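Student: After the structure tokens below, expect a handful of questions from me.
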Amino acid sequence: MLSCRRCGAVLLQNRPDSIPRTAALTLGAFILFAVVNGFPLLILKIGGRETSLTLIEGALELGNHGMWEVVIVVLLTSLVFPALHFLVLLYVLLPLTLGRVLPGAIMGFKMADMVAPWGMIGVYLLGVLVAVVKLADLATVVPGVAAYALGGVLVLGTAAGRALNHEMVWNRIGKSVSCHLLT
């Protein structure tokens, strides 16, 4: 633990279970992310008709109205970048929990840091909530399974980000690579 000499505040704390905890939280977030993409976000009931859309169907529906630039941004920020972030973190962290380092771990961990800010699932959830509020007067809006899963992705993803000790990961990856270079 590293603390401030002046006030005693904790500046850096070594969490020895950081890697397995982060791997477990990331795996949970990825599983919920799969649920988000496989089930309806919202179910609209208007005049006896019921309509539901998944995240991908909602984005493609924007394309039907000629907004292809928006479709690309929505798919990248709510599907591609978050999936890439989760998958790359799992590629690096799961083997580390077993004391192994897979080829490309350094590049993968750099990529995870690079794409993390571009995954905007929280913004997408905010958009869903705004849509629910705006449509509440026009139709009956029922949150789908994916809406709840999206909230879970945010919670688990945030917890994983807080649990991750970047320095520990870099130390383990770097030692493995330097050991392989020496032999």
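In the structure tokens, chains take the letters A, B, ... in the order shown, each chain's residues start at 1, and ligands count up from 1 in the order shown.
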Quick one: residues within 12 Å of A:Gly58, only C-alpha atoms, excluding same-chain residues fewer than 6 positions away - as a ChimeraX atom specification?
Tutor: /A:37,39-43,51-52,64-65,67,70-71,74-75,78,124,127-128
Student: DSSP on the backbone, helix (DSSP H, G or I) only: what residues of chain A does that give? Format it as a PyMOL selection string.
Tutor: chain A and resi 18-38+55-64+68-97+105-118+121-135+145-163+166-182
Student: What is the distance between atom CA of A:Phe81 and atom CA of A:Gly119, in Å to one decimal?
Tutor: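 Interatomic distance here is 5.0 Å.
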Student: Return the single residue from A:Ala146, A:Val35, A:Trp68, A:Tyr91 that is closest to A:Met107, with distances computed using only C-alpha atoms.
Tutor: A:Tyr91
Student: Which residues are near A:Leu89? Cut-off 10 Å, only C-alpha atoms, ignore same chain within fewer than 5 positions. Put them as an MDAnalysis selection string.
Tutor: chainID A and resid 22:23 26:27 83:84 94 105 108:113
Student: Mind giving me the straight-line distance from atom CA of A:Pro95 to atom CA of A:Pro16 in Å, one decimal?
Tutor: 15.9 Å
Student: Looking at only C-alpha atoms, which of A:Leu138, A:Met168, A:Leu126, A:Val73 is the one that sits closest to A:Pro20?
Tutor: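 Looking at the shortest contact to A:Pro20, the residue is A:Met168.
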Student: Between A:Ile31, A:Ala59, A:Cys7, A:Val36, which one has atoms that come closest to A:Leu150, using only C-alpha atoms?
Tutor: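 Among the listed residues, the smallest separation from A:Leu150 belongs to A:Val36.
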Student: Between A:Leu102, A:Ala9, A:Ala29, A:Leu44, which is the closest to A:Val142 once you count only C-alpha atoms?
Tutor: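 Answer, going by the shortest atom-to-atom distance: A:Leu44.
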Student: One number please: atom CA of A:Asn165 to atom CA of A:Ala149, in Å, one decimal.
Tutor: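 Those two atoms sit 25.7 Å apart.
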Student: If we count only C-alpha atoms, what is near A:Gly122 at a cut-off of 12 Å, once residues fewer than 3 positions away on the same chain are taken out, given as a ChimeraX atom specification?
Tutor: /A:77-78,82,117-119,125-129,147,150-155,157-158
Student: I need the residue nearest A:Val169 from this list: A:Ile19, A:Leu25, A:Leu62, A:Val10. Use only C-alpha atoms for the distance.
Tutor: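 Using only C-alpha atoms, A:Val169 sits closest to A:Ile19.
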Student: May I ask which of the residues A:Ile173, A:Thr97, A:Arg5, A:His85 is the closest one to A:Val115, counting only C-alpha atoms?
Tutor: A:His85
